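Following: one structure in structure tokens, then a few remarks.
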Amino acid sequence: MNIVTFESTEELNEAGAGIVISLLQTKPDAVLGLATGGTPVGVYEHLVKAYRKGRLSFRKATSFNLDEYVGLPQEHPESYYSYMKQHLFDHVDLPVHQAHIPDGNAENPEEECRRYEAKLAEAKQIDLQILGLGHNGHIGFNEPDHTLVSGTHVVELKEETRKANARFFDSMDEVPTHAITMGVGMILKAKTILLIVRGEDKADVVHRALTGPIRTELPASLLQTHPNLVVMLDQAAAKHFQ
Ligand code: F6R
């Protein structure tokens with residue numbers, strides 16, 4: 001595991017984007033695993049800037065998003081579909097049919113999980129999986145539990161996750177109760193994992209996840225088993241590593 005701490009958010013975002021840029025420069029048809037939420041917004045901003053300067057192309061790349069809310073209309077501003085369009089897809093040359101996000105409005109969500117899993121299987125392996133970290137240690141929407149699911153599945157979001165994400169909605173009632181998420185199996189199968197964590201409010205959980213016992217009640221602790229994990233922290237999140 002390679003843990004890097006950055007003085008500023010700007011430097012962190014630039015370095016995070018740098019990993020994606022180098023990958024696409026050396027392997028234009030790379031498979032990217034993408035995250036949403038507050039954490040990677042700045043990384044996507046840097047990627048868009050670099051794309052506009054002609055430093056990279058997504059034309060041959062494929063992407064898979066980690067998760068999507070169940071039952072939120074695709075055009076809702078907080079759907080991860082809208083998020084990806086807003087922060088990345090509308091601004092770069094990634095062909096629409098090469099960008100995959102679970103369909104949270106599928107008539108049969110279980111069937112949608114199987115469809116997504118089949119698409120992932122076709123791609124074989126994600127080259128670079130970008131991850132944020134939930135306050136309760138979730139990765140994707142793999143919430144703490146006695147057991148974890150390997151494949152894509154429907155998950156009931158924990159109350160604390162809904163509360164954390166309520167900041168993006170007008171009220172707590174609007175926050176979806178369920179999501180479709182990639183399972184820990186595919187996440188851990190990625191060639192490289194880039195975990196980005198910012199803020200003092202995550203200092204404790206990231207330290208426990210990376211230095212404490214590996215347990216399904218702290219899903220991110222499974223990342224310790226990954227042979228090629230890069231962790232990017234800002235000063236506040238790195239508090240307990242110093
Ligand atoms: C998002 C995702 C989640 C977030 C996590 C942190 O696709 O899978 O695991 O990465 O909830 O969210 P933020 O970055 O908003 O603190």
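As shown in the structure tokens, the chain order sets the letters A, B, ...; within each chain, residues go from 1, and ligands are also counted from 1 in the order they appear.
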Practice problem: Might you pull out every residue within 10 Å of Ala123 of chain A, with only C-alpha atoms counted and same-chain residues fewer than 2 positions away left off, and present them as an NGL selection string? | Solution: :A and (30-31 or 62-64 or 117-121 or 125-127)
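Neighbours of ligand 1 at a cut-off of 6 Å, computed so that only C-alpha atoms and all ligand atoms are counted, are the residues Ala35, Thr36, Gly37, Gly38, Thr39, Leu66, Asp67, Leu131, Gly132, Leu133, Gly134, His138, Ile139, Gly140 and Phe141 of chain A.
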Exercise. Go through segment 119-231 of chain A and collect every residue that DSSP, computed from the backbone, puts in helix (DSSP H, G or I); the answer should be as JSON, numbers by chain.
Key: {"A": [119, 120, 121, 122, 123, 159, 160, 161, 162, 163, 164, 165, 166, 167, 168, 172, 173, 174, 184, 185, 186, 187, 188, 189, 200, 201, 202, 203, 204, 205, 206, 207, 208, 209, 210, 211, 219, 220, 221, 222, 223, 224, 225]}
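Minimum distance to Phe241 of chain A across A:Leu72, A:Ile3, A:Lys27, A:Leu222 (counting only C-alpha atoms) occurs at A:Ile3.
When the distance limit is 10 Å and only C-alpha atoms are what count, the residues near Arg215 of chain A, minus those fewer than 5 positions from it on the same chain, are Pro144, Asp145, His146, Thr147, Leu148, Ala209, Ala220, Ser221 and Leu222 of chain A.
The shell of residues at most 9 Å from Tyr44 of chain A, with only C-alpha atoms counted and near chain neighbours (fewer than 2 positions) removed, consists of Asn13, Ala17, Pro40, Val41, Gly42, His46, Leu47, Val48, Lys49, His87 and Leu88 of chain A.
Between atom CA of Asp201 of chain A and atom CA of Ala179 of chain A there is a distance of 23.7 Å.
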Quiz prompt | Backbone DSSP call of strand (DSSP E) for segment 66-130 of chain A, listed as number ranges by chain | solution = A: 67-69, 99-100, 128-130
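The two atoms in question, atom CA of Gly18 of chain A and atom CA of His97 of chain A, are spaced 24.8 Å apart.
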Quiz item: Of the candidates A:Ala106, A:Ala166, A:Leu128, A:Ile101, which one gets nearest to Met182 of chain A if we count only C-alpha atoms?
Solution: A:Ile101
Quiz item: Can you list, as a PyMOL selection string, every protein, DNA or RNA residue that comes within 8 Å of Ala237 of chain A when you count only C-alpha atoms, leaving out same-chain residues fewer than 5 positions away?
Solution: chain A and resi 197-204+206
I need the chosen residues saved as a compact mmCIF listing (two decimals), in the first residue's frame, with C-alpha atoms.
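Below you can see result-v1.txt, which holds the result:
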```
# COMPACT_ATOMS: atom_id res chain seq x y z
CA VAL A 197 -9.99 10.52 1.41
CA ARG A 198 -10.35 14.12 2.48
CA GLY A 199 -11.31 15.84 5.70
CA GLU A 200 -10.83 15.42 9.43
CA ASP A 201 -14.24 13.76 9.74
CA LYS A 202 -12.76 10.74 7.93
CA ALA A 203 -9.36 10.69 9.69
CA ASP A 204 -10.43 8.05 12.17
CA VAL A 206 -9.43 5.77 7.16
```
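The coordinates place atom CA of Asn65 of chain A at 12.0 Å from atom CA of Lys85 of chain A.
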Compile a residue-level contact table for segment 9-90 of chain A against segment 156-160 of chain A at a cut-off of 12 Å, reporting for every qualifying residue the shortest atom pair and its distance in Å to one decimal, with only C-alpha atoms counted, rows ordered by chain and ascending number, as CSV.
```
residue,atom,partner,partner_atom,distance
A:Asp67,CA,A:Leu157,CA,11.8
A:Glu68,CA,A:Leu157,CA,11.5
A:Tyr69,CA,A:Leu157,CA,9.5
A:Val70,CA,A:Glu156,CA,9.6
```
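When only C-alpha atoms are used to measure the gap to Lys189 of chain A, the shortest distance among A:Gln86, A:Asn228, A:Asn2, A:Ser57 belongs to A:Asn228.
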